[in-house]
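Report on the following structure.
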Amino acid sequence: MVIARIVEPTSSLDLGRVLTDLGRSPASEKTIRRTLQHCNGGGWREKIAQVCFAHAQRAGDVSLCLYDVTTLYFEAEKKNDLRKVGFSKERRVDPQIVVGLLVDRNAFPMEIGFSEGLTAETTTILDAIHQPRTQALSG
């Protein structure tokens, strides 16, 4: 799934087509959804962020970190707890989420996070900085 998403970012419904184009046999849509739910519930995101931060500490220098943030909008009329209409640089009125990426000086990713669409981009940096460090110290 990861390689297919890198090759062509698409929906889980269209994932099978991409894998077939790559010469791989795709799993069923039901299996894909069940696997995604398992990954989401197992704390894998936090574990991966912790390992990435520990690697960046060992392999390089985390005294300089770079942070980039953007918004992703959804062409849907309905909002939910995460997708909300917020400040849009493109003046859109579609529901959106805020996504941030923290990297070390060598552009190695240490943390990726997301917030609800109403969140000001400038307020997301503190969570991005504290999250991997806290996880590394507690793990």
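Within each chain, counting starts at residue 1; across the structure tokens, chains are named A, B, ... in the order shown, with ligands numbered 1 upward in that order.
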**Item:** Spatial neighbours of Glu29 (chain A), max dist 9 Å, only C-alpha atoms, sep filter under 6 positions, as a PyMOL selection string
**Value:** chain A and resi 12-13+15-16
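Using only C-alpha atoms, the contacts of Val99 (chain A) at a cut-off of 12 Å, with sequence neighbours closer than 3 positions omitted, comprise Tyr67, Asp68, Val69, Thr70, Thr71, Leu72, Tyr73, Leu82, Arg83, Gln96, Leu102, Glu111, Ile112, Gly113, Phe114, Ser115, Glu116, Gly117, Leu118, Thr119, Ala120, Glu121, Thr122, Thr123, Thr124, Ile125, Asp127 and Ala128 of chain A.
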**Request:** Looking only at strand (DSSP E or B) from DSSP on the backbone, list the matching residues of region 16-119 of chain A as a ChimeraX atom specification.
**Result:** /A:65-73,84,96-104,109-116
May I have the residues from that selection written out with N, CA and C atoms, as a PDB file, in the first residue's frame?
ATOM      1  N   CYS A  65      15.891  22.130  13.297  1.00  0.00           N
ATOM      2  CA  CYS A  65      14.772  21.386  12.718  1.00  0.00           C
ATOM      3  C   CYS A  65      13.983  22.340  11.835  1.00  0.00           C
ATOM      4  N   LEU A  66      13.435  21.813  10.779  1.00  0.00           N
ATOM      5  CA  LEU A  66      12.614  22.596   9.871  1.00  0.00           C
ATOM      6  C   LEU A  66      11.186  22.082   9.933  1.00  0.00           C
ATOM      7  N   TYR A  67      10.253  22.988   9.853  1.00  0.00           N
ATOM      8  CA  TYR A  67       8.839  22.638   9.970  1.00  0.00           C
ATOM      9  C   TYR A  67       8.072  23.299   8.838  1.00  0.00           C
ATOM     10  N   ASP A  68       7.274  22.512   8.160  1.00  0.00           N
ATOM     11  CA  ASP A  68       6.436  23.036   7.085  1.00  0.00           C
ATOM     12  C   ASP A  68       5.000  22.626   7.368  1.00  0.00           C
ATOM     13  N   VAL A  69       4.092  23.499   7.050  1.00  0.00           N
ATOM     14  CA  VAL A  69       2.677  23.245   7.311  1.00  0.00           C
ATOM     15  C   VAL A  69       1.866  23.653   6.095  1.00  0.00           C
ATOM     16  N   THR A  70       0.813  22.918   5.845  1.00  0.00           N
ATOM     17  CA  THR A  70      -0.073  23.235   4.733  1.00  0.00           C
ATOM     18  C   THR A  70      -1.484  22.803   5.098  1.00  0.00           C
ATOM     19  N   THR A  71      -2.418  23.141   4.258  1.00  0.00           N
ATOM     20  CA  THR A  71      -3.797  22.693   4.448  1.00  0.00           C
ATOM     21  C   THR A  71      -4.199  21.808   3.276  1.00  0.00           C
ATOM     22  N   LEU A  72      -4.977  20.809   3.568  1.00  0.00           N
ATOM     23  CA  LEU A  72      -5.546  19.941   2.540  1.00  0.00           C
ATOM     24  C   LEU A  72      -7.053  20.119   2.582  1.00  0.00           C
ATOM     25  N   TYR A  73      -7.621  20.434   1.451  1.00  0.00           N
ATOM     26  CA  TYR A  73      -9.069  20.641   1.436  1.00  0.00           C
ATOM     27  C   TYR A  73      -9.771  19.441   0.815  1.00  0.00           C
ATOM     28  N   LYS A  84     -12.922  20.832   8.827  1.00  0.00           N
ATOM     29  CA  LYS A  84     -13.718  22.021   9.116  1.00  0.00           C
ATOM     30  C   LYS A  84     -13.286  23.157   8.205  1.00  0.00           C
ATOM     31  N   GLN A  96     -11.397  21.491   5.454  1.00  0.00           N
ATOM     32  CA  GLN A  96      -9.976  21.228   5.291  1.00  0.00           C
ATOM     33  C   GLN A  96      -9.382  20.687   6.578  1.00  0.00           C
ATOM     34  N   ILE A  97      -8.148  20.181   6.486  1.00  0.00           N
ATOM     35  CA  ILE A  97      -7.361  19.822   7.651  1.00  0.00           C
ATOM     36  C   ILE A  97      -6.006  20.525   7.517  1.00  0.00           C
ATOM     37  N   VAL A  98      -5.302  20.650   8.626  1.00  0.00           N
ATOM     38  CA  VAL A  98      -3.973  21.269   8.638  1.00  0.00           C
ATOM     39  C   VAL A  98      -2.956  20.149   8.849  1.00  0.00           C
ATOM     40  N   VAL A  99      -1.918  20.098   7.998  1.00  0.00           N
ATOM     41  CA  VAL A  99      -0.898  19.054   8.067  1.00  0.00           C
ATOM     42  C   VAL A  99       0.468  19.708   8.246  1.00  0.00           C
ATOM     43  N   GLY A 100       1.269  19.192   9.180  1.00  0.00           N
ATOM     44  CA  GLY A 100       2.603  19.722   9.420  1.00  0.00           C
ATOM     45  C   GLY A 100       3.648  18.624   9.392  1.00  0.00           C
ATOM     46  N   LEU A 101       4.852  18.957   8.917  1.00  0.00           N
ATOM     47  CA  LEU A 101       5.960  18.006   8.829  1.00  0.00           C
ATOM     48  C   LEU A 101       7.197  18.615   9.468  1.00  0.00           C
ATOM     49  N   LEU A 102       7.796  17.890  10.411  1.00  0.00           N
ATOM     50  CA  LEU A 102       9.015  18.310  11.094  1.00  0.00           C
ATOM     51  C   LEU A 102      10.162  17.432  10.607  1.00  0.00           C
ATOM     52  N   VAL A 103      11.256  18.063  10.125  1.00  0.00           N
ATOM     53  CA  VAL A 103      12.418  17.320   9.639  1.00  0.00           C
ATOM     54  C   VAL A 103      13.679  17.845  10.325  1.00  0.00           C
ATOM     55  N   ASP A 104      14.730  17.005  10.342  1.00  0.00           N
ATOM     56  CA  ASP A 104      16.002  17.469  10.887  1.00  0.00           C
ATOM     57  C   ASP A 104      16.772  18.222   9.801  1.00  0.00           C
ATOM     58  N   PRO A 109      12.526  12.957   8.062  1.00  0.00           N
ATOM     59  CA  PRO A 109      11.266  13.254   8.755  1.00  0.00           C
ATOM     60  C   PRO A 109      11.255  12.697  10.172  1.00  0.00           C
ATOM     61  N   MET A 110      10.854  13.551  11.111  1.00  0.00           N
ATOM     62  CA  MET A 110      10.781  13.134  12.511  1.00  0.00           C
ATOM     63  C   MET A 110       9.347  13.092  13.023  1.00  0.00           C
ATOM     64  N   GLU A 111       8.487  13.892  12.459  1.00  0.00           N
ATOM     65  CA  GLU A 111       7.093  13.933  12.935  1.00  0.00           C
ATOM     66  C   GLU A 111       6.204  14.477  11.832  1.00  0.00           C
ATOM     67  N   ILE A 112       5.064  13.880  11.683  1.00  0.00           N
ATOM     68  CA  ILE A 112       4.020  14.432  10.825  1.00  0.00           C
ATOM     69  C   ILE A 112       2.763  14.466  11.664  1.00  0.00           C
ATOM     70  N   GLY A 113       2.062  15.546  11.580  1.00  0.00           N
ATOM     71  CA  GLY A 113       0.861  15.681  12.388  1.00  0.00           C
ATOM     72  C   GLY A 113      -0.243  16.375  11.612  1.00  0.00           C
ATOM     73  N   PHE A 114      -1.425  16.264  12.122  1.00  0.00           N
ATOM     74  CA  PHE A 114      -2.551  16.946  11.492  1.00  0.00           C
ATOM     75  C   PHE A 114      -3.466  17.486  12.567  1.00  0.00           C
ATOM     76  N   SER A 115      -4.179  18.531  12.196  1.00  0.00           N
ATOM     77  CA  SER A 115      -5.100  19.190  13.115  1.00  0.00           C
ATOM     78  C   SER A 115      -6.382  19.510  12.378  1.00  0.00           C
ATOM     79  N   GLU A 116      -7.402  19.832  13.135  1.00  0.00           N
ATOM     80  CA  GLU A 116      -8.680  20.183  12.510  1.00  0.00           C
ATOM     81  C   GLU A 116      -8.517  21.455  11.679  1.00  0.00           C
TER      82      GLU A 116
END
**Message:** Would you pick out the contacts of region 19-24 of chain A at 10 Å or less, using only C-alpha atoms, so that residues sharing its chain but fewer than 6 positions from it are not included, and give the list as a PyMOL selection string?
**Reply:** chain A and resi 1+3-5+7-8
